[in-house]
$ cat input-v8.cif   # mmCIF, C-alpha atoms
data_protein
loop_
_atom_site.label_atom_id
_atom_site.label_comp_id
_atom_site.auth_asym_id
_atom_site.auth_seq_id
_atom_site.Cartn_x
_atom_site.Cartn_y
_atom_site.Cartn_z
CA MET A 213 -11.96 -14.68 -6.62
CA THR A 214 -13.80 -16.73 -4.04
CA SER A 215 -10.57 -18.60 -3.29
CA LEU A 216 -8.90 -15.48 -1.91
CA LEU A 217 -8.81 -14.60 1.74
CA TRP A 218 -10.72 -11.36 1.17
CA PRO A 219 -12.96 -10.28 -1.71
CA GLY A 220 -11.22 -7.83 -4.02
CA ALA A 221 -13.22 -4.78 -2.98
CA ILE A 222 -12.57 -5.38 0.71
CA ALA A 223 -8.88 -5.94 0.02
CA ILE A 224 -8.64 -2.57 -1.75
CA LEU A 225 -10.34 -0.79 1.15
CA ILE A 226 -8.04 -2.47 3.66
CA ALA A 227 -5.06 -1.56 1.49
CA TRP A 228 -5.90 2.14 1.43
CA LEU A 229 -6.64 2.13 5.15
CA ALA A 230 -3.33 0.44 5.86
CA LEU A 231 -1.55 2.95 3.62
CA MET A 232 -3.15 5.88 5.41
CA VAL A 233 -2.40 4.49 8.86
CA GLY A 234 1.16 3.54 7.94
CA GLY A 235 1.88 6.91 6.38
CA ILE A 236 0.55 8.89 9.33
CA PHE A 237 2.42 6.56 11.69
CA LEU A 238 5.73 7.40 9.99
CA LEU A 239 4.88 11.10 9.87
CA ALA A 240 4.22 11.03 13.62
CA ILE A 241 7.65 9.53 14.21
CA GLN A 242 9.24 12.15 11.97
CA TYR A 243 7.45 14.96 13.79
CA ARG A 244 8.73 13.53 17.05
CA ARG A 245 12.26 13.53 15.62
CA HIS A 246 12.27 16.95 13.93
CA GLY A 247 9.54 18.88 15.75
CA ARG A 248 7.81 19.80 12.50
CA LEU A 249 6.83 18.40 9.11
CA SER A 250 8.01 19.43 5.68
CA TRP A 251 6.10 19.00 2.44
CA ARG A 252 8.97 17.15 0.81
CA ARG A 253 9.41 14.80 3.74
CA THR A 254 5.66 14.19 3.88
CA ILE A 255 5.39 13.36 0.18
CA THR A 256 8.46 11.13 0.28
CA THR A 257 7.21 9.29 3.37
CA MET A 258 3.82 8.61 1.81
CA SER A 259 5.57 7.45 -1.37
CA ALA A 260 7.72 5.06 0.66
CA VAL A 261 4.65 3.65 2.41
CA LEU A 262 2.82 3.26 -0.90
CA TYR A 263 5.81 1.47 -2.41
CA GLY A 264 6.26 -0.78 0.64
CA PHE A 265 2.64 -1.87 0.63
CA GLY A 266 2.73 -2.41 -3.13
CA LEU A 267 5.84 -4.57 -2.79
CA PHE A 268 4.22 -6.64 -0.05
CA SER A 269 0.99 -6.99 -2.03
CA TYR A 270 2.77 -8.13 -5.19
CA THR A 271 5.01 -10.66 -3.45
CA MET A 272 2.80 -11.98 -0.63
CA LEU A 273 -0.85 -11.48 -1.55
CA PRO A 274 -3.38 -12.95 -1.98
CA LEU A 275 -3.14 -15.24 1.03
CA PRO A 276 -4.49 -18.80 0.73
CA GLU A 277 -7.92 -19.56 2.14
CA SER A 278 -6.56 -22.34 4.38
CA SER A 279 -3.23 -23.51 5.79
CA ASN A 280 -2.93 -26.45 3.35
CA ALA A 281 -4.62 -24.98 0.27
CA PHE A 282 -1.43 -25.31 -1.82
CA CYS A 283 -0.24 -28.68 -0.52
CA ARG A 284 -0.45 -30.42 -3.90
CA PRO A 285 2.27 -31.93 -6.13
CA GLY A 286 3.73 -29.51 -8.65
CA VAL A 287 2.44 -26.36 -6.96
CA ALA A 288 4.81 -23.51 -5.99
CA VAL A 289 7.95 -25.54 -6.80
CA PRO A 290 11.03 -23.47 -5.88
CA GLN A 291 13.70 -22.60 -8.46
CA PHE A 292 17.21 -22.65 -6.94
CA THR A 293 19.39 -22.42 -10.09
CA PRO A 294 20.97 -18.96 -10.51
CA LEU A 295 20.68 -17.42 -14.01
CA HIS A 296 18.21 -20.08 -15.09
CA PHE A 297 16.42 -17.39 -17.07
CA ILE A 298 19.27 -17.35 -19.63
CA ALA A 299 18.26 -20.79 -20.85
CA ASP A 300 14.66 -19.59 -21.03
CA PHE A 301 15.83 -16.58 -23.06
CA GLN A 302 17.65 -18.84 -25.51
CA GLU A 303 14.61 -21.05 -25.88
CA ALA A 304 12.34 -18.08 -26.52
CA TYR A 305 14.79 -16.45 -28.96
CA ALA A 306 15.04 -19.68 -30.93
CA LEU A 307 11.41 -19.12 -31.90
CA GLY A 308 12.20 -15.67 -33.27
CA ALA A 309 12.76 -12.12 -32.05
CA ARG A 310 9.05 -11.42 -31.76
CA SER A 311 8.57 -14.49 -29.59
CA PHE A 312 11.47 -13.40 -27.38
CA LEU A 313 10.24 -9.83 -26.97
CA THR A 314 6.78 -11.03 -25.98
CA SER A 315 7.93 -13.94 -23.80
CA PHE A 316 6.81 -14.18 -20.19
CA THR A 317 10.37 -14.83 -19.02
CA LEU A 318 11.71 -11.56 -20.47
CA TRP A 319 8.99 -9.44 -18.95
CA GLN A 320 9.25 -11.23 -15.63
CA VAL A 321 12.97 -10.46 -15.44
CA LEU A 322 12.42 -6.83 -16.45
CA PHE A 323 9.61 -6.44 -13.93
CA ASN A 324 11.74 -7.88 -11.12
CA ILE A 325 14.40 -5.29 -11.93
CA ILE A 326 11.95 -2.40 -12.17
CA LEU A 327 10.15 -3.53 -9.00
CA PHE A 328 13.22 -2.84 -6.85
CA MET A 329 14.51 0.30 -8.55
CA PRO A 330 12.30 2.57 -6.37
CA LEU A 331 13.88 0.94 -3.30
CA GLY A 332 17.33 1.98 -4.49
CA VAL A 333 16.09 5.53 -5.13
CA LEU A 334 14.48 5.75 -1.69
CA VAL A 335 17.56 4.43 0.11
CA VAL A 336 19.79 7.06 -1.51
CA ARG A 337 17.41 10.00 -1.35
CA TRP A 338 15.02 9.33 1.55
CA MET A 339 17.37 7.39 3.85
CA ARG A 340 20.47 9.33 2.69
CA GLY A 341 22.33 6.12 1.91
CA ASN A 342 24.64 5.26 -0.99
CA ILE A 343 24.90 2.75 -3.82
CA LEU A 344 26.43 0.05 -1.63
CA SER A 345 23.87 0.36 1.17
CA ALA A 346 21.01 0.45 -1.37
CA THR A 347 22.27 -2.70 -3.08
CA LEU A 348 22.77 -4.55 0.20
CA LEU A 349 19.37 -3.52 1.50
CA GLY A 350 17.72 -4.48 -1.79
CA GLY A 351 19.35 -7.91 -1.60
CA ALA A 352 18.32 -8.34 2.03
CA VAL A 353 14.70 -7.37 1.35
CA SER A 354 14.54 -9.69 -1.66
CA LEU A 355 16.08 -12.55 0.34
CA LEU A 356 13.51 -12.01 3.08
CA ILE A 357 10.71 -12.15 0.50
CA GLU A 358 12.04 -15.31 -1.17
CA LEU A 359 12.53 -17.08 2.17
CA SER A 360 9.01 -16.06 3.20
CA GLN A 361 7.68 -17.56 -0.02
CA LEU A 362 9.78 -20.70 0.37
CA THR A 363 8.68 -21.37 3.96
CA GLY A 364 4.98 -20.64 3.50
CA LEU A 365 5.28 -17.33 5.33
CA TRP A 366 7.62 -18.80 7.93
CA GLY A 367 5.48 -21.82 8.74
CA ILE A 368 2.14 -20.07 9.01
CA TYR A 369 1.05 -22.11 6.00
CA GLU A 370 1.90 -25.80 5.72
CA CYS A 371 3.20 -25.46 2.15
CA PRO A 372 4.58 -22.63 0.01
CA TYR A 373 1.93 -20.72 -1.90
CA ARG A 374 4.30 -18.56 -3.98
CA VAL A 375 7.32 -19.68 -6.05
CA ALA A 376 10.70 -18.86 -4.49
CA ASP A 377 13.15 -18.14 -7.30
CA ALA A 378 16.93 -17.57 -7.14
CA ASP A 379 16.72 -15.41 -10.25
CA ASP A 380 14.20 -13.14 -8.54
CA LEU A 381 16.78 -12.52 -5.81
CA LEU A 382 19.47 -11.65 -8.35
CA MET A 383 17.28 -9.38 -10.47
CA ASN A 384 15.72 -7.63 -7.46
CA THR A 385 19.20 -6.86 -6.10
CA PHE A 386 20.31 -5.62 -9.51
CA GLY A 387 17.20 -3.44 -9.66
CA ALA A 388 18.04 -1.82 -6.32
CA PHE A 389 21.58 -1.21 -7.62
CA LEU A 390 20.27 0.49 -10.77
CA GLY A 391 17.81 2.51 -8.73
CA ALA A 392 20.61 3.76 -6.50
CA ILE A 393 22.56 4.95 -9.56
CA VAL A 394 19.52 6.63 -11.08
CA ALA A 395 18.78 8.31 -7.73
CA TYR A 396 21.72 10.68 -8.23
CA LEU A 397 19.98 12.33 -11.18
CA PRO A 398 18.80 15.87 -10.31
CA ILE A 399 15.19 14.91 -11.04
CA PHE A 400 15.10 12.94 -7.78
CA ALA A 401 16.67 15.65 -5.60
CA TRP A 402 13.25 16.70 -4.28
CA LEU A 403 12.92 13.34 -2.51
CA THR A 404 15.58 14.37 -0.01
CA GLY A 405 13.99 16.24 2.87
CA PRO A 406 15.57 19.31 4.43
CA VAL A 407 18.40 18.81 6.87
CA GLU A 408 17.04 19.80 10.28
CA ALA A 409 18.27 19.56 13.83
CA ARG A 410 16.69 17.23 16.35
CA ALA A 411 13.47 18.50 17.89
CA GLU A 412 15.08 18.74 21.32
CA GLN A 413 17.40 21.44 20.00
CA ALA A 414 14.53 23.71 18.93
CA PRO A 415 12.95 26.09 21.44
CA PRO A 416 9.43 25.41 22.77
CA ARG A 417 6.54 26.78 20.73
CA VAL A 418 2.96 27.70 21.52
CA VAL A 419 0.60 24.71 21.22
CA THR A 420 -1.74 25.83 18.47
CA ARG A 421 -5.09 24.44 17.41
CA SER A 422 -3.61 22.92 14.25
CA ARG A 423 -0.92 21.21 16.28
CA ARG A 424 -3.50 19.68 18.58
CA ILE A 425 -5.53 18.43 15.62
CA MET A 426 -2.39 16.91 14.15
CA ALA A 427 -1.76 15.10 17.44
CA ASP A 428 -5.31 13.72 17.27
CA VAL A 429 -4.62 12.46 13.75
CA PHE A 430 -1.45 10.77 15.03
CA ASP A 431 -3.45 9.15 17.84
CA LEU A 432 -6.02 7.91 15.36
CA ALA A 433 -3.23 6.30 13.33
CA PHE A 434 -1.78 4.56 16.40
CA PHE A 435 -5.23 3.40 17.51
CA SER A 436 -6.18 2.19 14.02
CA ALA A 437 -2.85 0.39 13.61
CA ALA A 438 -3.46 -1.53 16.84
CA VAL A 439 -7.02 -2.46 15.82
CA LEU A 440 -5.92 -3.47 12.30
CA ALA A 441 -3.04 -5.59 13.60
CA ALA A 442 -5.29 -7.37 16.09
CA GLY A 443 -8.01 -7.90 13.49
CA PHE A 444 -5.53 -9.30 10.98
CA ALA A 445 -4.08 -11.68 13.58
CA ILE A 446 -7.55 -12.90 14.55
CA GLN A 447 -8.52 -13.38 10.90
CA LEU A 448 -5.30 -15.26 10.21
CA VAL A 449 -5.83 -17.61 13.16
CA ALA A 450 -9.34 -18.37 11.90
CA THR A 451 -8.06 -18.93 8.36
CA LEU A 452 -5.48 -21.42 9.60
CA GLY A 453 -8.14 -23.45 11.37
CA GLY A 454 -7.59 -22.07 14.86
CA PRO A 455 -10.30 -21.60 17.47
CA ALA A 456 -13.05 -19.12 16.71
CA THR A 457 -12.68 -15.77 18.44
CA PRO A 458 -15.75 -14.66 20.41
CA GLY A 459 -17.46 -11.60 19.01
CA TYR A 460 -17.00 -9.57 22.17
CA VAL A 461 -13.20 -9.87 21.81
CA ILE A 462 -13.25 -8.20 18.40
CA ASP A 463 -16.03 -5.72 19.17
CA ASP A 464 -15.13 -4.78 22.74
CA LEU A 465 -11.79 -6.03 24.07
CA VAL A 466 -9.66 -5.11 21.04
CA PRO A 467 -10.83 -1.44 20.95
CA ILE A 468 -10.45 -1.15 24.73
CA ALA A 469 -6.90 -2.54 24.54
CA ALA A 470 -6.06 -0.17 21.67
CA ILE A 471 -7.39 2.82 23.61
CA THR A 472 -5.44 1.71 26.67
CA LEU A 473 -2.18 1.52 24.71
CA THR A 474 -2.75 4.78 22.84
CA TYR A 475 -4.28 6.99 25.54
CA VAL A 476 -4.58 5.52 29.06
CA LEU A 477 -1.09 4.17 29.73
CA PRO A 478 0.73 7.15 28.15
CA THR A 479 -1.54 9.56 30.05
CA ALA A 480 -0.79 7.74 33.32
CA SER A 481 2.95 8.31 32.85
CA ALA A 482 4.94 11.51 33.24
CA GLY A 483 3.80 14.25 30.86
CA ARG A 484 0.14 13.18 30.94
CA ALA A 485 -0.06 12.94 27.14
CA SER A 486 -1.24 10.39 24.61
CA LEU A 487 1.12 8.80 22.07
CA GLY A 488 0.08 11.27 19.37
CA GLN A 489 0.53 14.24 21.71
CA ARG A 490 3.97 13.01 22.67
CA CYS A 491 4.95 12.82 19.00
CA ALA A 492 3.74 16.42 18.61
CA TRP A 493 5.69 17.47 21.72
CA ILE A 494 2.53 18.32 23.67
CA GLN A 495 2.16 17.95 27.44
CA VAL A 496 -1.11 18.11 29.36
CA VAL A 497 -0.96 20.35 32.43
CA ALA A 498 -3.42 21.97 34.81
CA ALA A 499 -5.04 25.21 33.69
CA ASP A 500 -2.59 27.20 35.84
CA GLY A 501 0.40 25.46 34.27
CA ALA A 502 1.07 23.14 37.21
CA PRO A 503 1.50 19.38 36.64
CA ALA A 504 -1.89 17.78 35.96
CA PRO A 505 -3.01 14.85 38.12
CA PHE A 506 -3.80 11.63 36.32
CA TRP A 507 -7.53 11.85 36.91
CA ARG A 508 -7.72 15.23 35.17
CA ALA A 509 -5.61 14.19 32.20
CA GLY A 510 -7.36 10.81 31.95
CA LEU A 511 -10.81 12.40 32.08
CA ARG A 512 -9.79 14.90 29.43
CA ALA A 513 -8.72 12.01 27.17
CA LEU A 514 -12.04 10.23 27.70
CA LEU A 515 -14.01 13.40 26.95
CA GLY A 516 -11.80 14.10 23.95
CA PHE A 517 -10.78 12.21 20.86
CA GLY A 518 -9.78 9.05 22.75
CA GLY A 519 -13.14 8.56 24.40
CA LEU A 520 -15.04 9.33 21.21
CA SER A 521 -12.93 6.82 19.29
CA LEU A 522 -13.57 4.14 21.90
CA PHE A 523 -17.30 4.83 21.97
CA TYR A 524 -17.52 4.63 18.20
CA GLN A 525 -15.74 1.27 18.21
CA LEU A 526 -17.99 -0.12 20.94
CA THR A 527 -21.24 0.97 19.32
CA GLY A 528 -20.29 0.52 15.67
CA ASP A 529 -22.70 3.04 14.18
CA ALA A 530 -25.70 5.22 14.90
CA GLU A 531 -28.01 2.19 14.70
CA ALA A 532 -26.44 0.53 17.76
CA THR A 533 -28.99 -1.43 19.77
CA GLY A 534 -26.76 -2.67 22.59
CA PRO A 535 -26.63 -1.38 26.15
CA LEU A 536 -24.81 1.75 24.98
CA GLY A 537 -27.24 2.45 22.15
CA PHE A 538 -29.13 5.14 24.05
CA LEU A 539 -25.89 7.14 24.34
CA VAL A 540 -25.20 7.29 20.62
CA PHE A 541 -27.01 10.56 19.94
CA PRO A 542 -25.81 12.42 23.08
CA VAL A 543 -22.19 11.39 22.46
CA LEU A 544 -22.46 12.32 18.78
CA LEU A 545 -23.88 15.71 19.77
CA PHE A 546 -21.10 16.19 22.32
CA GLY A 547 -18.52 15.36 19.63
CA VAL A 548 -19.99 17.95 17.27
CA ILE A 549 -20.08 20.59 20.01
CA SER A 550 -16.48 19.77 20.95
CA ALA A 551 -15.33 20.14 17.34
CA VAL A 552 -17.08 23.50 17.00
CA ALA A 553 -15.69 24.65 20.35
CA LEU A 554 -12.15 23.76 19.29
CA VAL A 555 -12.54 25.81 16.11
CA LEU A 556 -13.94 28.82 17.99
CA ASP A 557 -11.62 28.61 21.01
CA ARG A 558 -8.75 31.01 20.32
CA SER A 559 -6.61 29.36 22.98
CA GLY A 560 -6.95 25.96 21.28
CA ARG A 561 -7.77 24.24 24.57
CA GLY A 562 -11.12 22.87 23.50
CA LEU A 563 -14.21 21.83 25.46
CA ALA A 564 -12.77 18.72 27.13
CA ALA A 565 -9.80 20.67 28.48
CA ARG A 566 -12.00 23.44 29.84
CA ILE A 567 -14.34 20.95 31.56
CA THR A 568 -11.42 19.16 33.24
CA GLY A 569 -9.38 22.27 34.03
CA THR A 570 -6.41 21.29 31.87
CA SER A 571 -4.31 22.98 29.26
CA PHE A 572 -1.39 22.22 26.93
CA ILE A 573 2.24 23.26 26.78
CA ASP A 574 5.22 22.32 24.65
CA ARG A 575 7.05 19.42 26.34
CA ARG A 576 10.39 21.01 25.50
CA ALA A 577 9.67 23.78 28.00
CA ASN A 578 10.69 21.27 30.70
CA LEU A 579 14.03 20.39 29.12
CA PRO A 580 16.98 21.85 31.07
CA GLN A 581 18.27 23.90 28.12
CA TRP A 582 14.90 25.60 27.61
CA VAL A 583 13.65 26.17 31.15
CA GLY A 584 12.70 29.84 31.39
CA ALA A 585 13.14 30.45 27.67
CA PRO A 586 10.40 32.41 25.86
CA VAL A 587 7.83 30.29 24.02
CA GLN A 588 7.81 30.94 20.29
CA ARG A 589 4.91 31.11 17.91
CA ASP A 590 4.63 28.32 15.33
CA GLY A 591 6.24 29.38 12.11
CA ALA A 592 5.45 28.14 8.67
CA HIS A 593 6.39 24.52 8.08
CA HIS A 594 9.11 24.18 5.49
#

$ encode --input "input-v8.cif" --output "structure tokens"
Amino acid sequence: MTSLLWPGAIAILIAWLALMVGGIFLLAIQYRRHGRLSWRRTITTMSAVLYGFGLFSYTMLPLPESSNAFCRPGVAVPQFTPLHFIADFQEAYALGARSFLTSFTLWQVLFNIILFMPLGVLVVRWMRGNILSATLLGGAVSLLIELSQLTGLWGIYECPYRVADADDLLMNTFGAFLGAIVAYLPIFAWLTGPVEARAEQAPPRVVTRSRRIMADVFDLAFFSAAVLAAGFAIQLVATLGGPATPGYVIDDLVPIAAITLTYVLPTASAGRASLGQRCAWIQVVAADGAPAPFWRAGLRALLGFGGLSLFYQLTGDAEATGPLGFLVFPVLLFGVISAVALVLDRSGRGLAARITGTSFIDRRANLPQWVGAPVQRDGAHH
């Protein structure tokens, strides 16, 4: 276990965090596309993320502890002969049926088929593809995996650390083909989300409290994805023997950059909204409905979820002893008061918006086809 890049417990925590962030990230994109979420689409999206991470974990992890950890003779030797497993089957069967049924080769082939069957199901049901597209995509994904294994993750590692196998490519593609056929069974019909028009074609709706909270969750996913990606890149550079990254880069500069990408830059552009708010079709305006100046929208973001997220990253926890340590309790108290105010505020504006004189409208109210149209109440999500 000590030879792995991360201890097992930490890897599991990172896996679940990555799953949560990735799932919410895709849901944010879907909300942006359809203007609402559906239970079926949500469940299918989370299933796709879970499967994708599982596939990556099985084929790529654990990562070596150094760039040349597997540079030894006889390690991770590629297998380029198609259908080589048939000879292995014959050899195992020669020892008897029991030996064949319990052989590693048989179960490896079966697992490679089963591993890609969910991909075929998802392509047909979730992506609304067909058998041909599912088979081609399965083959392409498997080829990408095998080439990544063959090249040591495209040159990141000096030598391959997983075995690239031509039979894996064949069986993975066959598995996607079988999955695509199985996908047409009625039992998988629930995986197909409802057919809905593009969000732009729906009339503007009142920005409710729940919609604002959902936008905050989207923002948290974008922010966390940026921090995770930067942290992984820094860890990988260190693992490969690169220069050590100063602590202030990880503790200070990375969170600031993530906040800038998620909140500051989007708020500085037209619409005065963060990435998550844009996915939820929310626009920040002045309290009277007029366009909000950048300083108002930016201050609202700093007093809201964006600022609280940044402060938490900079201080780490309630025991912070740095120059910002004395602000931990007041900021925590302000966050609690803001959360309570949002729950009690019937308008859904919240404390930060009231302090800065801002409010929220549906971005679609500015589209030419909906200018002057009545704003609808949020209906139940299908």

$ closest_residue --input "input-v8.cif" --among "A:Thr420, A:Ser250, A:Thr271, A:Ser354" --to "Asp557 of chain A" --atoms "only C-alpha atoms"
A:Thr420

$ atom_distance --input "input-v8.cif" --atom1 "atom CA of Ser259 of chain A" --atom2 "atom CA of Leu334 of chain A"
9.1 Å

$ closest_residue --input "input-v8.cif" --among "A:Thr457, A:Arg421, A:Val497, A:Thr347" --to "Gly562 of chain A" --atoms "all atoms listed in the file"
A:Arg421

$ resolve_selection --input "input-v8.cif" --expression "the PyMOL selection byres ((chain A and resi 560) around 10)" --output "PyMOL selection string"
chain A and resi 419-425+553-559+561-563+565+571-572

$ closest_residue --input "input-v8.cif" --among "A:Pro467, A:Thr293, A:Ser279, A:Leu522" --to "Gly367 of chain A" --atoms "all atoms listed in the file"
A:Ser279

$ residues_around --input "input-v8.cif" --residues "Asp428 of chain A" --least-positions-apart "5" --cutoff "8 Å" --atoms "only C-alpha atoms" --output "VMD selection string"
chain A and resid 488 to 489 517

$ atom_distance --input "input-v8.cif" --atom1 "atom CA of Ser486 of chain A" --atom2 "atom CA of Ala513 of chain A"
8.1 Å

$ closest_residue --input "input-v8.cif" --among "A:Leu275, A:Leu239, A:Ile494, A:Ala438" --to "Met258 of chain A" --atoms "all atoms listed in the file"
A:Leu239

$ atom_distance --input "input-v8.cif" --atom1 "atom CA of Gly235 of chain A" --atom2 "atom CA of Leu520 of chain A"
22.6 Å

$ resolve_selection --input "input-v8.cif" --expression "the PyMOL selection byres ((chain A and resi 436) around 10)" --output "short mmCIF file (atom, residue, chain, number, x, y, z; two decimals) with C-alpha atoms, keeping the file's coordinate frame"
data_model
loop_
_atom_site.label_atom_id
_atom_site.label_comp_id
_atom_site.auth_asym_id
_atom_site.auth_seq_id
_atom_site.Cartn_x
_atom_site.Cartn_y
_atom_site.Cartn_z
CA LEU A 229 -6.64 2.13 5.15
CA ALA A 230 -3.33 0.44 5.86
CA MET A 232 -3.15 5.88 5.41
CA VAL A 233 -2.40 4.49 8.86
CA GLY A 234 1.16 3.54 7.94
CA PHE A 237 2.42 6.56 11.69
CA PHE A 430 -1.45 10.77 15.03
CA ASP A 431 -3.45 9.15 17.84
CA LEU A 432 -6.02 7.91 15.36
CA ALA A 433 -3.23 6.30 13.33
CA PHE A 434 -1.78 4.56 16.40
CA PHE A 435 -5.23 3.40 17.51
CA ALA A 437 -2.85 0.39 13.61
CA ALA A 438 -3.46 -1.53 16.84
CA VAL A 439 -7.02 -2.46 15.82
CA LEU A 440 -5.92 -3.47 12.30
CA ALA A 441 -3.04 -5.59 13.60
CA ALA A 442 -5.29 -7.37 16.09
CA PRO A 467 -10.83 -1.44 20.95
CA ALA A 470 -6.06 -0.17 21.67
CA ILE A 471 -7.39 2.82 23.61
CA THR A 474 -2.75 4.78 22.84
CA SER A 521 -12.93 6.82 19.29
#

$ closest_residue --input "input-v8.cif" --among "A:Leu249, A:Ile573, A:Ala445, A:Ala304" --to "Asp500 of chain A" --atoms "only C-alpha atoms"
A:Ile573

$ resolve_selection --input "input-v8.cif" --expression "the PyMOL selection byres ((chain A and resi 403) around 7)" --output "ChimeraX atom specification"
/A:252,256,337-338,400-402,404-405

$ residues_around --input "input-v8.cif" --residues "segment 381-398 of chain A" --least-positions-apart "2" --cutoff "10 Å" --atoms "all atoms listed in the file" --output "number ranges by chain"
A: 294-295, 320-337, 341-358, 376-379, 400-403

$ residues_near_point --input "input-v8.cif" --point "(0.5, 13.5, 15.2)" --cutoff "6 Å" --atoms "only C-alpha atoms" --output "number ranges by chain"
A: 240, 426-427, 429-430, 488, 491-492

$ closest_residue --input "input-v8.cif" --among "A:Pro285, A:Gly547, A:Gly510, A:Gly443" --to "Phe523 of chain A" --atoms "all atoms listed in the file"
A:Gly547

$ axis_aligned_box --input "input-v8.cif" --around "segment 294-312 of chain A" --padding-each-side "6 Å" --output "AutoDock Vina command-line options"
--center_x 14.8 --center_y -16.2 --center_z -21.9 --size_x 24.4 --size_y 21.6 --size_z 34.8

$ build_atoms --input "input-v8.cif" --residues "segment 391-405 of chain A" --atoms "N, CA, C and O atoms" --output "mmCIF file, in the frame of the given file"
data_model
loop_
_atom_site.group_PDB
_atom_site.id
_atom_site.type_symbol
_atom_site.label_atom_id
_atom_site.label_comp_id
_atom_site.auth_asym_id
_atom_site.auth_seq_id
_atom_site.Cartn_x
_atom_site.Cartn_y
_atom_site.Cartn_z
ATOM 1 N N GLY A 391 18.563 1.417 -9.330
ATOM 2 C CA GLY A 391 17.810 2.510 -8.730
ATOM 3 C C GLY A 391 18.692 3.462 -7.957
ATOM 4 O O GLY A 391 18.487 4.685 -7.977
ATOM 5 N N ALA A 392 19.690 2.912 -7.268
ATOM 6 C CA ALA A 392 20.610 3.760 -6.500
ATOM 7 C C ALA A 392 21.431 4.651 -7.423
ATOM 8 O O ALA A 392 21.728 5.808 -7.099
ATOM 9 N N ILE A 393 21.815 4.127 -8.598
ATOM 10 C CA ILE A 393 22.560 4.950 -9.560
ATOM 11 C C ILE A 393 21.673 6.048 -10.127
ATOM 12 O O ILE A 393 22.066 7.218 -10.198
ATOM 13 N N VAL A 394 20.461 5.670 -10.513
ATOM 14 C CA VAL A 394 19.520 6.630 -11.080
ATOM 15 C C VAL A 394 19.161 7.722 -10.072
ATOM 16 O O VAL A 394 18.876 8.866 -10.439
ATOM 17 N N ALA A 395 19.186 7.368 -8.779
ATOM 18 C CA ALA A 395 18.780 8.310 -7.730
ATOM 19 C C ALA A 395 19.618 9.579 -7.719
ATOM 20 O O ALA A 395 19.171 10.621 -7.227
ATOM 21 N N TYR A 396 20.842 9.511 -8.249
ATOM 22 C CA TYR A 396 21.720 10.680 -8.230
ATOM 23 C C TYR A 396 21.378 11.687 -9.327
ATOM 24 O O TYR A 396 21.980 12.766 -9.384
ATOM 25 N N LEU A 397 20.423 11.350 -10.186
ATOM 26 C CA LEU A 397 19.980 12.330 -11.180
ATOM 27 C C LEU A 397 19.257 13.481 -10.489
ATOM 28 O O LEU A 397 18.547 13.267 -9.500
ATOM 29 N N PRO A 398 19.426 14.704 -10.965
ATOM 30 C CA PRO A 398 18.800 15.870 -10.310
ATOM 31 C C PRO A 398 17.284 15.768 -10.195
ATOM 32 O O PRO A 398 16.700 16.371 -9.290
ATOM 33 N N ILE A 399 16.645 14.989 -11.065
ATOM 34 C CA ILE A 399 15.190 14.910 -11.040
ATOM 35 C C ILE A 399 14.672 14.326 -9.741
ATOM 36 O O ILE A 399 13.527 14.556 -9.342
ATOM 37 N N PHE A 400 15.522 13.562 -9.031
ATOM 38 C CA PHE A 400 15.100 12.940 -7.780
ATOM 39 C C PHE A 400 15.563 13.724 -6.543
ATOM 40 O O PHE A 400 15.373 13.252 -5.415
ATOM 41 N N ALA A 401 16.145 14.892 -6.737
ATOM 42 C CA ALA A 401 16.670 15.650 -5.600
ATOM 43 C C ALA A 401 15.566 16.059 -4.629
ATOM 44 O O ALA A 401 15.805 16.181 -3.421
ATOM 45 N N TRP A 402 14.352 16.248 -5.134
ATOM 46 C CA TRP A 402 13.250 16.700 -4.280
ATOM 47 C C TRP A 402 12.861 15.653 -3.235
ATOM 48 O O TRP A 402 12.204 15.989 -2.233
ATOM 49 N N LEU A 403 13.263 14.402 -3.464
ATOM 50 C CA LEU A 403 12.920 13.340 -2.510
ATOM 51 C C LEU A 403 13.687 13.462 -1.199
ATOM 52 O O LEU A 403 13.281 12.893 -0.190
ATOM 53 N N THR A 404 14.784 14.194 -1.218
ATOM 54 C CA THR A 404 15.580 14.370 -0.010
ATOM 55 C C THR A 404 15.009 15.514 0.809
ATOM 56 O O THR A 404 14.965 16.657 0.354
ATOM 57 N N GLY A 405 14.562 15.215 2.007
ATOM 58 C CA GLY A 405 13.990 16.240 2.870
ATOM 59 C C GLY A 405 15.040 17.198 3.370
ATOM 60 O O GLY A 405 16.240 16.946 3.274
#
